[in-house]
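What's in model-v1.cif: mmCIF, C-alpha atoms and all ligand atoms
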data_work
#
loop_
_atom_site.label_atom_id
_atom_site.label_comp_id
_atom_site.auth_asym_id
_atom_site.auth_seq_id
_atom_site.Cartn_x
_atom_site.Cartn_y
_atom_site.Cartn_z
CA MET K 1109 -15.06 -38.33 -35.16
CA GLY K 1110 -12.31 -37.38 -37.63
CA ALA K 1111 -8.64 -37.00 -36.77
CA ASN K 1112 -8.98 -33.21 -36.58
CA ASP K 1113 -12.00 -33.41 -34.24
CA LEU K 1114 -10.12 -35.87 -32.05
CA GLN K 1115 -7.10 -33.59 -31.89
CA GLN K 1116 -9.36 -30.67 -30.95
CA ALA K 1117 -11.06 -32.70 -28.20
CA ILE K 1118 -7.67 -33.70 -26.77
CA THR K 1119 -6.55 -30.07 -26.83
CA LEU K 1120 -9.69 -28.92 -25.04
CA ARG K 1121 -9.39 -31.59 -22.34
CA ARG K 1122 -5.71 -30.94 -21.63
CA PRO K 1123 -5.37 -29.27 -18.22
CA ALA K 1124 -4.41 -25.60 -18.25
CA LYS K 1125 -0.63 -25.19 -18.30
CA ALA K 1126 0.78 -24.42 -14.86
CA VAL K 1127 1.81 -20.79 -14.51
CA ALA K 1128 5.43 -20.56 -13.38
CA THR K 1129 6.28 -17.77 -10.96
CA PRO K 1130 8.24 -15.30 -13.04
CA GLN K 1131 11.51 -14.12 -11.55
CA GLY K 1132 13.19 -10.72 -11.36
CA PRO K 1133 15.18 -8.64 -11.98
CA TRP K 1134 12.47 -6.97 -13.97
CA SER K 1135 12.96 -4.77 -17.01
CA VAL K 1136 10.35 -2.09 -17.64
CA GLU K 1137 9.63 -3.85 -20.95
CA ALA K 1138 8.92 -7.19 -19.25
CA ILE K 1139 6.55 -5.44 -16.85
CA GLN K 1140 4.85 -3.64 -19.70
CA ALA K 1141 4.36 -7.01 -21.39
CA LEU K 1142 2.46 -8.14 -18.27
CA PHE K 1143 0.26 -5.03 -18.39
CA ASP K 1144 -0.43 -5.74 -22.07
CA LYS K 1145 -1.74 -9.27 -21.49
CA PRO K 1146 -5.43 -9.94 -22.04
CA PHE K 1147 -7.19 -8.98 -18.80
CA MET K 1148 -8.42 -12.48 -17.90
CA GLU K 1149 -5.03 -14.04 -18.61
CA LEU K 1150 -3.32 -11.50 -16.38
CA LEU K 1151 -5.85 -12.07 -13.62
CA PHE K 1152 -5.43 -15.84 -13.84
CA GLU K 1153 -1.66 -15.54 -13.63
CA ALA K 1154 -1.84 -13.15 -10.68
CA GLN K 1155 -4.34 -15.35 -8.84
CA THR K 1156 -2.16 -18.42 -9.43
CA VAL K 1157 0.90 -16.66 -7.99
CA HIS K 1158 -1.21 -15.36 -5.13
CA ARG K 1159 -2.56 -18.79 -4.14
CA ARG K 1160 0.90 -20.28 -4.27
CA HIS K 1161 2.28 -17.77 -1.78
CA PHE K 1162 -0.82 -17.05 0.31
CA PRO K 1163 -2.74 -20.33 0.49
CA GLU K 1164 -4.75 -18.95 3.43
CA GLY K 1165 -6.03 -16.12 1.23
CA ASP K 1166 -6.61 -13.85 4.21
CA ILE K 1167 -6.83 -10.07 4.11
CA GLU K 1168 -4.67 -7.91 6.37
CA LEU K 1169 -6.47 -5.01 8.04
CA ALA K 1170 -4.26 -1.97 8.68
CA THR K 1171 -5.54 1.17 10.33
CA LEU K 1172 -3.96 4.52 9.57
CA LEU K 1173 -4.07 7.50 11.91
CA SER K 1174 -2.81 10.98 11.17
CA VAL K 1175 -0.92 11.79 14.38
CA LYS K 1176 0.29 15.15 13.08
CA THR K 1177 -1.79 16.74 10.37
CA GLY K 1178 -1.17 19.39 7.71
CA GLY K 1179 1.27 22.27 7.37
CA CYS K 1180 3.79 20.15 5.46
CA PRO K 1181 6.53 22.10 3.61
CA GLU K 1182 6.67 19.57 0.75
CA ASN K 1183 4.61 20.05 -2.42
CA CYS K 1184 3.43 16.54 -3.37
CA GLY K 1185 0.81 17.36 -6.01
CA TYR K 1186 -1.73 14.84 -4.70
CA CYS K 1187 -1.58 15.79 -1.03
CA PRO K 1188 -4.08 18.00 0.81
CA GLN K 1189 -1.62 18.33 3.72
CA SER K 1190 0.90 20.46 1.86
CA ALA K 1191 1.08 24.01 3.23
CA GLU K 1192 1.41 25.21 -0.40
CA PHE K 1193 -2.15 24.23 -1.35
CA ASP K 1194 -5.40 25.69 -0.19
CA THR K 1195 -7.37 22.55 0.65
CA GLY K 1196 -9.04 23.50 3.90
CA VAL K 1197 -6.97 21.04 5.94
CA LYS K 1198 -6.24 22.59 9.34
CA ALA K 1199 -2.74 22.02 10.67
CA GLN K 1200 -2.66 20.18 13.99
CA LYS K 1201 0.25 19.40 16.26
CA LEU K 1202 1.39 15.94 17.26
CA MET K 1203 -1.31 14.03 19.12
CA GLU K 1204 -0.91 13.09 22.78
CA VAL K 1205 0.04 9.53 23.67
CA ASP K 1206 -3.27 8.64 25.34
CA GLU K 1207 -5.28 9.83 22.31
CA VAL K 1208 -3.18 7.66 20.00
CA VAL K 1209 -3.41 4.67 22.33
CA ARG K 1210 -7.22 5.03 22.45
CA ALA K 1211 -7.38 5.06 18.64
CA ALA K 1212 -5.02 2.08 18.38
CA GLN K 1213 -7.03 0.08 20.92
CA ALA K 1214 -10.24 0.84 19.00
CA ALA K 1215 -8.55 -0.30 15.78
CA LYS K 1216 -7.43 -3.52 17.46
CA ASP K 1217 -10.90 -4.12 18.88
CA ALA K 1218 -12.32 -3.71 15.36
CA GLY K 1219 -9.94 -6.40 14.06
CA ALA K 1220 -6.93 -4.46 12.74
CA THR K 1221 -3.53 -6.11 13.11
CA ARG K 1222 -1.39 -3.17 12.06
CA PHE K 1223 -1.53 0.43 13.19
CA CYS K 1224 0.15 3.05 11.05
CA MET K 1225 0.92 6.53 12.35
CA GLY K 1226 1.33 9.29 9.80
CA ALA K 1227 2.89 12.70 10.41
CA ALA K 1228 3.06 15.45 7.80
CA TRP K 1229 6.73 16.37 8.12
CA ARG K 1230 9.40 16.81 5.48
CA ALA K 1231 11.70 14.99 7.89
CA PRO K 1232 11.27 14.60 11.64
CA LYS K 1233 13.68 16.42 13.97
CA ASP K 1234 15.39 14.73 16.93
CA ARG K 1235 12.66 15.84 19.31
CA ASP K 1236 9.93 14.58 16.93
CA VAL K 1237 11.52 11.15 16.69
CA GLU K 1238 11.75 10.99 20.46
CA LYS K 1239 8.01 11.66 20.76
CA VAL K 1240 7.06 9.23 18.00
CA ALA K 1241 9.23 6.56 19.64
CA VAL K 1242 7.02 6.88 22.73
CA LEU K 1243 3.92 6.42 20.55
CA VAL K 1244 5.43 3.38 18.85
CA GLU K 1245 6.27 1.79 22.17
CA ALA K 1246 2.76 2.40 23.49
CA VAL K 1247 1.03 1.00 20.37
CA LYS K 1248 3.36 -1.98 20.27
CA GLY K 1249 2.42 -2.64 23.90
CA LEU K 1250 -1.17 -3.25 22.77
CA GLY K 1251 0.00 -6.20 20.68
CA LEU K 1252 -0.37 -4.45 17.33
CA GLN K 1253 2.17 -4.35 14.52
CA THR K 1254 3.47 -0.80 14.29
CA CYS K 1255 4.08 1.31 11.21
CA ALA K 1256 5.01 4.97 10.82
CA THR K 1257 5.23 7.39 7.94
CA LEU K 1258 7.05 10.55 8.96
CA GLY K 1259 8.84 11.75 5.82
CA MET K 1260 12.55 11.44 5.14
CA LEU K 1261 14.47 9.55 7.77
CA GLU K 1262 18.13 9.67 8.82
CA PRO K 1263 19.77 6.31 9.62
CA HIS K 1264 20.10 7.15 13.35
CA HIS K 1265 16.41 8.09 13.52
CA ALA K 1266 15.49 4.79 11.88
CA GLN K 1267 17.57 2.96 14.49
CA GLN K 1268 15.88 4.88 17.29
CA LEU K 1269 12.44 3.91 15.97
CA LYS K 1270 13.49 0.30 15.54
CA ALA K 1271 14.63 0.23 19.16
CA ALA K 1272 11.19 1.55 20.20
CA GLY K 1273 9.54 -1.40 18.46
CA LEU K 1274 8.73 -0.07 14.98
CA ASP K 1275 7.92 -2.97 12.66
CA TYR K 1276 7.29 -1.13 9.36
CA TYR K 1277 8.13 2.23 7.87
CA ASN K 1278 6.05 3.58 5.00
CA HIS K 1279 7.72 5.73 2.39
CA ASN K 1280 6.18 5.58 -1.08
CA LEU K 1281 8.04 6.08 -4.34
CA ASP K 1282 4.77 7.45 -5.74
CA THR K 1283 5.61 6.92 -9.44
CA ALA K 1284 8.45 6.16 -11.88
CA PRO K 1285 11.66 8.24 -11.60
CA GLU K 1286 10.97 9.84 -15.01
CA TYR K 1287 7.60 11.23 -13.90
CA TYR K 1288 8.55 12.12 -10.35
CA THR K 1289 9.31 15.81 -10.89
CA ASP K 1290 5.84 16.26 -12.42
CA VAL K 1291 4.41 15.30 -9.04
CA VAL K 1292 6.77 16.86 -6.50
CA ASP K 1293 9.87 19.01 -6.76
CA THR K 1294 10.77 19.79 -3.17
CA ARG K 1295 12.74 16.53 -2.91
CA THR K 1296 14.28 14.01 -5.29
CA TYR K 1297 13.71 10.38 -6.10
CA GLN K 1298 17.13 9.68 -4.65
CA ASP K 1299 15.99 11.22 -1.34
CA ARG K 1300 13.22 8.60 -1.25
CA LEU K 1301 15.64 5.77 -1.99
CA ASP K 1302 18.05 7.02 0.71
CA THR K 1303 15.29 6.92 3.32
CA LEU K 1304 14.31 3.41 2.25
CA ALA K 1305 17.96 2.36 2.59
CA ALA K 1306 18.07 3.85 6.11
CA VAL K 1307 14.92 1.93 7.01
CA ARG K 1308 16.31 -1.36 5.69
CA GLY K 1309 19.64 -0.69 7.35
CA ALA K 1310 17.91 -0.40 10.73
CA GLY K 1311 16.17 -3.75 10.23
CA ILE K 1312 12.68 -2.25 9.84
CA SER K 1313 10.37 -3.82 7.25
CA VAL K 1314 9.59 -1.64 4.26
CA CYS K 1315 6.14 -0.47 3.20
CA CYS K 1316 6.49 1.22 -0.18
CA GLY K 1317 4.21 1.67 -3.16
CA GLY K 1318 2.72 4.37 -5.30
CA ILE K 1319 -0.26 6.12 -6.76
CA VAL K 1320 -2.01 5.73 -10.10
CA GLY K 1321 -4.17 8.38 -11.72
CA MET K 1322 -1.74 11.31 -11.49
CA GLY K 1323 -1.62 11.81 -15.25
CA GLU K 1324 1.18 9.29 -15.70
CA GLN K 1325 1.61 7.17 -18.85
CA PRO K 1326 1.43 3.35 -18.80
CA VAL K 1327 5.24 3.23 -19.06
CA HIS K 1328 5.46 5.15 -15.76
CA ARG K 1329 3.27 2.58 -14.03
CA ALA K 1330 5.57 -0.14 -15.33
CA GLY K 1331 8.57 1.96 -14.25
CA LEU K 1332 7.23 2.27 -10.71
CA ILE K 1333 6.67 -1.49 -10.45
CA ALA K 1334 10.19 -2.10 -11.79
CA GLN K 1335 11.64 0.15 -9.07
CA LEU K 1336 9.72 -1.66 -6.35
CA ALA K 1337 10.16 -5.22 -7.62
CA ASN K 1338 13.91 -4.79 -8.22
CA MET K 1339 14.65 -3.66 -4.67
CA ASP K 1340 16.69 -6.32 -2.92
CA PRO K 1341 14.63 -7.43 -1.08
CA TYR K 1342 11.43 -5.95 -2.44
CA PRO K 1343 9.10 -4.26 0.09
CA GLU K 1344 7.15 -6.46 2.48
CA SER K 1345 4.12 -4.19 2.01
CA VAL K 1346 3.17 -2.56 -1.27
CA PRO K 1347 0.34 -0.02 -1.03
CA ILE K 1348 -1.24 0.74 -4.40
CA ASN K 1349 -3.29 3.92 -4.28
CA SER K 1350 -5.78 5.32 -6.73
CA LEU K 1351 -5.54 9.10 -6.63
CA VAL K 1352 -8.18 10.76 -4.47
CA ARG K 1353 -8.64 14.05 -6.34
CA VAL K 1354 -8.81 16.63 -3.58
CA PRO K 1355 -9.95 20.13 -4.62
CA GLY K 1356 -7.16 22.65 -4.15
CA THR K 1357 -4.35 20.20 -4.98
CA PRO K 1358 -2.56 20.55 -8.36
CA LEU K 1359 -3.74 17.07 -9.40
CA ALA K 1360 -7.40 17.69 -8.56
CA ASP K 1361 -8.42 17.65 -12.24
CA SER K 1362 -6.54 14.50 -13.26
CA GLU K 1363 -8.38 11.99 -15.43
CA PRO K 1364 -9.91 9.25 -13.28
CA VAL K 1365 -8.19 5.87 -13.64
CA ASP K 1366 -9.99 3.20 -15.64
CA PRO K 1367 -10.96 0.58 -13.02
CA PHE K 1368 -9.53 -2.25 -15.12
CA ASP K 1369 -6.20 -0.44 -15.32
CA PHE K 1370 -6.19 -0.21 -11.55
CA VAL K 1371 -6.87 -3.94 -11.25
CA ARG K 1372 -4.04 -4.56 -13.70
CA MET K 1373 -1.70 -2.57 -11.45
CA ILE K 1374 -2.60 -4.81 -8.51
CA ALA K 1375 -2.14 -7.95 -10.62
CA VAL K 1376 1.28 -6.87 -11.89
CA ALA K 1377 2.39 -5.96 -8.35
CA ARG K 1378 1.32 -9.43 -7.18
CA ILE K 1379 3.14 -11.26 -9.98
CA THR K 1380 6.37 -9.31 -9.59
CA MET K 1381 6.40 -9.26 -5.77
CA PRO K 1382 4.85 -12.64 -4.93
CA THR K 1383 5.32 -12.64 -1.15
CA ALA K 1384 4.49 -8.97 -0.46
CA ARG K 1385 1.27 -7.85 1.16
CA VAL K 1386 -0.22 -5.84 -1.71
CA ARG K 1387 -2.43 -3.23 -0.15
CA LEU K 1388 -5.52 -1.81 -1.76
CA SER K 1389 -5.09 1.67 -0.36
CA ALA K 1390 -6.49 5.13 -1.12
CA GLY K 1391 -9.37 5.44 -3.55
CA ARG K 1392 -11.41 2.44 -2.39
CA GLN K 1393 -14.38 4.64 -1.60
CA GLN K 1394 -14.74 5.53 -5.29
CA MET K 1395 -14.19 1.98 -6.50
CA GLY K 1396 -17.31 0.14 -5.50
CA GLU K 1397 -17.50 -3.43 -4.29
CA ALA K 1398 -17.17 -5.17 -7.66
CA VAL K 1399 -13.85 -3.51 -8.50
CA GLN K 1400 -12.53 -4.20 -5.02
CA ALA K 1401 -13.48 -7.87 -5.47
CA LEU K 1402 -11.52 -7.93 -8.73
CA CYS K 1403 -8.55 -6.42 -6.88
CA PHE K 1404 -8.69 -9.22 -4.31
CA MET K 1405 -8.88 -11.69 -7.18
CA ALA K 1406 -5.79 -10.02 -8.68
CA GLY K 1407 -3.84 -10.54 -5.47
CA ALA K 1408 -4.56 -7.62 -3.15
CA ASN K 1409 -4.45 -8.99 0.39
CA SER K 1410 -4.36 -5.95 2.61
CA ILE K 1411 -6.63 -2.94 3.04
CA PHE K 1412 -6.64 0.24 5.03
CA TYR K 1413 -9.35 -0.24 7.55
CA GLY K 1414 -11.13 2.65 9.26
CA ASP K 1415 -13.26 5.52 8.08
CA LYS K 1416 -10.39 7.93 7.43
CA LEU K 1417 -7.08 7.78 5.56
CA LEU K 1418 -4.94 10.56 7.04
CA VAL K 1419 -7.34 13.28 5.89
CA THR K 1420 -9.34 11.71 3.03
CA GLY K 1421 -12.34 9.36 3.30
CA ASN K 1422 -12.30 5.54 3.32
CA PRO K 1423 -15.17 3.01 3.38
CA ASP K 1424 -16.41 2.61 6.94
CA VAL K 1425 -15.57 -0.43 9.03
CA ASP K 1426 -19.06 -1.95 8.75
CA ALA K 1427 -18.97 -1.70 4.96
CA ASP K 1428 -15.61 -3.48 4.91
CA VAL K 1429 -16.75 -6.22 7.27
CA GLN K 1430 -19.83 -6.74 5.07
CA LEU K 1431 -17.75 -6.85 1.91
CA LEU K 1432 -15.31 -9.42 3.30
CA ARG K 1433 -18.26 -11.48 4.51
CA LYS K 1434 -20.00 -11.31 1.13
CA LEU K 1435 -16.83 -12.48 -0.58
CA GLY K 1436 -16.10 -15.17 2.01
CA LEU K 1437 -12.74 -13.60 2.82
CA ARG K 1438 -11.19 -13.88 6.27
CA SER K 1439 -9.20 -11.15 7.93
CA HIS K 1440 -5.60 -11.85 8.80
CA ARG K 1441 -4.73 -12.57 12.42
CA THR K 1442 -1.30 -12.29 13.90
CA GLN K 1443 0.17 -15.24 15.76
CA GLU K 1444 -0.49 -13.35 18.99
CA GLN K 1445 -4.18 -12.79 18.16
CA ALA K 1446 -4.59 -16.45 17.23
CA GLU K 1447 -3.13 -17.45 20.60
CA GLU K 1448 -5.39 -14.97 22.42
CA GLY K 1449 -8.33 -16.58 20.60
CA GLY K 1450 -10.01 -13.20 20.04
CA CYS K 1451 -12.42 -12.58 17.22
CA ALA K 1452 -11.02 -11.40 13.90
S1 LIG I 1 2.58 13.43 0.99
FE1 LIG I 1 3.66 13.67 2.93
S2 LIG I 1 5.49 14.79 2.37
FE2 LIG I 1 4.05 15.09 0.68
S3 LIG I 1 2.97 17.00 1.18
FE3 LIG I 1 1.76 15.30 1.99
S4 LIG I 1 2.41 15.09 4.09
FE4 LIG I 1 3.97 16.30 3.06
#

Could I get this file's structure written as structure tokens?
Ligand code: SF4
Amino acid sequence: MGANDLQQAITLRRPAKAVATPQGPWSVEAIQALFDKPFMELLFEAQTVHRRHFPEGDIELATLLSVKTGGCPENCGYCPQSAEFDTGVKAQKLMEVDEVVRAAQAAKDAGATRFCMGAAWRAPKDRDVEKVAVLVEAVKGLGLQTCATLGMLEPHHAQQLKAAGLDYYNHNLDTAPEYYTDVVDTRTYQDRLDTLAAVRGAGISVCCGGIVGMGEQPVHRAGLIAQLANMDPYPESVPINSLVRVPGTPLADSEPVDPFDFVRMIAVARITMPTARVRLSAGRQQMGEAVQALCFMAGANSIFYGDKLLVTGNPDVDADVQLLRKLGLRSHRTQEQAEEGGCA
């Protein structure tokens, strides 16, 4: 063996260099550099960060229920619940408490740990918040983590919901500030940030993410991640959605997202927000099992669980249970569930 061969053998046997957890604040350029990495390198880095912060590797199951559907005055270009678009969604008033409790109990029995209630409002009024507070209290009483997504929130409404037992509030930034007006123009990016500040101010955990596949450029995906990752603190839950192209919405004809680009989005979210639950959200039905497995590899550790996402489809519970089983992934259990010793 010559000196060159020996050197090569030593190089090959050297253990892979440890991946350091990169730190924020994040520039859009630094995030773009992550997106530009070779796919396998990015996946390795994301998986390394993921294992460091989630050694258990479990998957959180969150169930989402539309408690007040349709008739929304906003014009989010992806949403079938906007009153501006003809999508066939029938407006329904706020559900009764016992209906919601039945759905929450069923979700818990199926293994969900978090129950998210969505209402298609621009912003809830005082009387709406009062009613939702009753729902929150009832769902919390079942031993589930509670989450709500009700539109823009005033600080005093956030405090009222916190007092009722709300654990999380979902309010997505959707995309980068520069692309936002291409998606919705009935409210501003600053409106979104103000609501998130009200949520934080009330001591409620933040669930905030976005959507890919709305015709945005790669720089907008990096810009969205920069907004999320630079929040202080960054959101505890980060839902990453792949656009479900609903006929009748302005974005119905958008180009489908390349599956590898979607996986990259998950990986970059994981690397830049190491301790967040990164949720594989809308669009799973179109993804297939192999792409979902890659997303878990890239650091996704939460899914929406149940056969409906507000008003669009989602893989059914049996399919999800089978998939987790095939991949040898365990579902997350709260401390309370572990103590109860129930099945997960
Ligand atoms: S995403 Fe929410 S705010 Fe926007 S139109 Fe749909 S229900 Fe209304």

Once 5 Å is added on each side, what centre and edge lengths in Å to one decimal does the axis-aligned box around all listed atoms of segment 1390-1399 of chain K have, as JSON?
{"center_x": -12.0, "center_y": 0.2, "center_z": -4.8, "size_x": 21.0, "size_y": 20.7, "size_z": 17.4}

Atom CA of His1279 of chain K and atom CA of Gly1391 of chain K are how many Å apart?
->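 Atom CA of Gly1391 of chain K lies at a distance of 18.1 Å from atom CA of His1279 of chain K.
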
When the cut-off is 10 Å and you count all atoms listed in the file, which residues lie near ligand LIG 1 (chain I), shown as a VMD selection string?
-> chain K and resid 1174 1176 to 1193 1226 to 1231 1257 to 1260 1279 to 1280 1282 1291 to 1292 1294 to 1295 1418

Of the candidates K:Arg1392, K:Arg1378, K:Lys1216, K:His1264, which one gets nearest to Gly1309 of chain K if we count all atoms listed in the file?
->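 Among the listed residues, K:His1264 lies closest to Gly1309 of chain K.
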
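Each of K:Gln1394, K:Gln1140, K:Ser1135, K:Ser1362 was compared to Arg1329 of chain K using only C-alpha atoms, and K:Gln1140 turns out to be the nearest.
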
Interatomic distance (Å, one decimal) between atom CA of Glu1168 of chain K and atom CA of Ala1271 of chain K |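 Calculated distance between atom CA of Glu1168 of chain K and atom CA of Ala1271 of chain K is 24.5 Å.
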
Selection: 9 Å around Gly1414 of chain K, all atoms listed in the file, excl. self and same-chain fewer than 4 positions, as a list in words =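 With the cut-off at 9 Å, the set is Ala1170, Thr1171, Leu1172, Leu1173, Ala1215, Ala1218, Ala1220, Asn1422, Pro1423, Asp1424, Val1425 and Asp1428 of chain K.
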
Find the spatial neighbours of Leu1151 of chain K, counting only C-alpha atoms, within a cut-off of 8 Å - ignore same-chain residues fewer than 6 positions away - and output them as a list in words.
-> Arg1372, Ala1375, Met1405 and Ala1406 of chain K

Filtering to C-alpha atoms, could you give me those residues as a PDB file, in the coordinates of the input?
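Saved as out-v3.pdb:
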ATOM      1  CA  ARG K1372      -4.040  -4.560 -13.700  1.00  0.00           C
ATOM      2  CA  ALA K1375      -2.140  -7.950 -10.620  1.00  0.00           C
ATOM      3  CA  MET K1405      -8.880 -11.690  -7.180  1.00  0.00           C
ATOM      4  CA  ALA K1406      -5.790 -10.020  -8.680  1.00  0.00           C
TER       5      ALA K1406
END

So which residues touch Arg1210 of chain K within 12 Å, counting only C-alpha atoms, skipping near sequence neighbours fewer than 2 positions away, as a list in words?
->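 In the requested format, the answer is Leu1173, Met1203, Glu1204, Val1205, Asp1206, Glu1207, Val1208, Ala1212, Gln1213, Ala1214, Ala1215, Lys1216, Asp1217, Phe1223, Leu1243, Ala1246, Val1247 and Leu1250 of chain K.
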
Which is closest to Pro1358 of chain K among K:Gln1155, K:Thr1383, K:Thr1195, K:Gln1268, if we use all atoms listed in the file?
->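 Looking only at the distances to Pro1358 of chain K, the closest residue turns out to be K:Thr1195.
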
Interatomic distance between atom CA of Asp1236 of chain K and atom CA of Ser1345 of chain K?
->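 For atom CA of Asp1236 of chain K relative to atom CA of Ser1345 of chain K, the distance reads 24.7 Å.
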
Since the input is missing atoms for segment 1299-1314 of chain K, could you rebuild it with N, CA and C atoms and give the result as a PDB file, in the coordinates of the input?
ATOM      1  N   ASP K1299      16.314  11.020  -2.767  1.00  0.00           N
ATOM      2  CA  ASP K1299      15.990  11.220  -1.340  1.00  0.00           C
ATOM      3  C   ASP K1299      15.113  10.084  -0.829  1.00  0.00           C
ATOM      4  N   ARG K1300      14.132   9.695  -1.660  1.00  0.00           N
ATOM      5  CA  ARG K1300      13.220   8.600  -1.250  1.00  0.00           C
ATOM      6  C   ARG K1300      14.018   7.309  -1.067  1.00  0.00           C
ATOM      7  N   LEU K1301      14.878   7.023  -2.057  1.00  0.00           N
ATOM      8  CA  LEU K1301      15.640   5.770  -1.990  1.00  0.00           C
ATOM      9  C   LEU K1301      16.585   5.772  -0.790  1.00  0.00           C
ATOM     10  N   ASP K1302      17.140   6.944  -0.456  1.00  0.00           N
ATOM     11  CA  ASP K1302      18.050   7.020   0.710  1.00  0.00           C
ATOM     12  C   ASP K1302      17.303   6.698   1.996  1.00  0.00           C
ATOM     13  N   THR K1303      16.077   7.226   2.111  1.00  0.00           N
ATOM     14  CA  THR K1303      15.290   6.920   3.320  1.00  0.00           C
ATOM     15  C   THR K1303      14.989   5.429   3.391  1.00  0.00           C
ATOM     16  N   LEU K1304      14.621   4.848   2.246  1.00  0.00           N
ATOM     17  CA  LEU K1304      14.310   3.410   2.250  1.00  0.00           C
ATOM     18  C   LEU K1304      15.548   2.593   2.646  1.00  0.00           C
ATOM     19  N   ALA K1305      16.718   3.063   2.213  1.00  0.00           N
ATOM     20  CA  ALA K1305      17.960   2.360   2.590  1.00  0.00           C
ATOM     21  C   ALA K1305      18.198   2.487   4.091  1.00  0.00           C
ATOM     22  N   ALA K1306      17.899   3.656   4.651  1.00  0.00           N
ATOM     23  CA  ALA K1306      18.070   3.850   6.110  1.00  0.00           C
ATOM     24  C   ALA K1306      17.130   2.929   6.878  1.00  0.00           C
ATOM     25  N   VAL K1307      15.924   2.780   6.363  1.00  0.00           N
ATOM     26  CA  VAL K1307      14.920   1.930   7.010  1.00  0.00           C
ATOM     27  C   VAL K1307      15.389   0.465   6.993  1.00  0.00           C
ATOM     28  N   ARG K1308      15.798   0.016   5.821  1.00  0.00           N
ATOM     29  CA  ARG K1308      16.310  -1.360   5.690  1.00  0.00           C
ATOM     30  C   ARG K1308      17.521  -1.572   6.580  1.00  0.00           C
ATOM     31  N   GLY K1309      18.400  -0.586   6.575  1.00  0.00           N
ATOM     32  CA  GLY K1309      19.640  -0.690   7.350  1.00  0.00           C
ATOM     33  C   GLY K1309      19.359  -0.857   8.835  1.00  0.00           C
ATOM     34  N   ALA K1310      18.243  -0.299   9.300  1.00  0.00           N
ATOM     35  CA  ALA K1310      17.910  -0.400  10.730  1.00  0.00           C
ATOM     36  C   ALA K1310      17.158  -1.699  11.034  1.00  0.00           C
ATOM     37  N   GLY K1311      16.869  -2.475  10.008  1.00  0.00           N
ATOM     38  CA  GLY K1311      16.170  -3.750  10.230  1.00  0.00           C
ATOM     39  C   GLY K1311      14.659  -3.596  10.354  1.00  0.00           C
ATOM     40  N   ILE K1312      14.138  -2.475   9.838  1.00  0.00           N
ATOM     41  CA  ILE K1312      12.680  -2.250   9.840  1.00  0.00           C
ATOM     42  C   ILE K1312      12.137  -2.735   8.494  1.00  0.00           C
ATOM     43  N   SER K1313      10.966  -3.368   8.512  1.00  0.00           N
ATOM     44  CA  SER K1313      10.370  -3.820   7.250  1.00  0.00           C
ATOM     45  C   SER K1313       9.870  -2.608   6.456  1.00  0.00           C
ATOM     46  N   VAL K1314       9.912  -2.762   5.138  1.00  0.00           N
ATOM     47  CA  VAL K1314       9.590  -1.640   4.260  1.00  0.00           C
ATOM     48  C   VAL K1314       8.166  -1.730   3.724  1.00  0.00           C
TER      49      VAL K1314
END
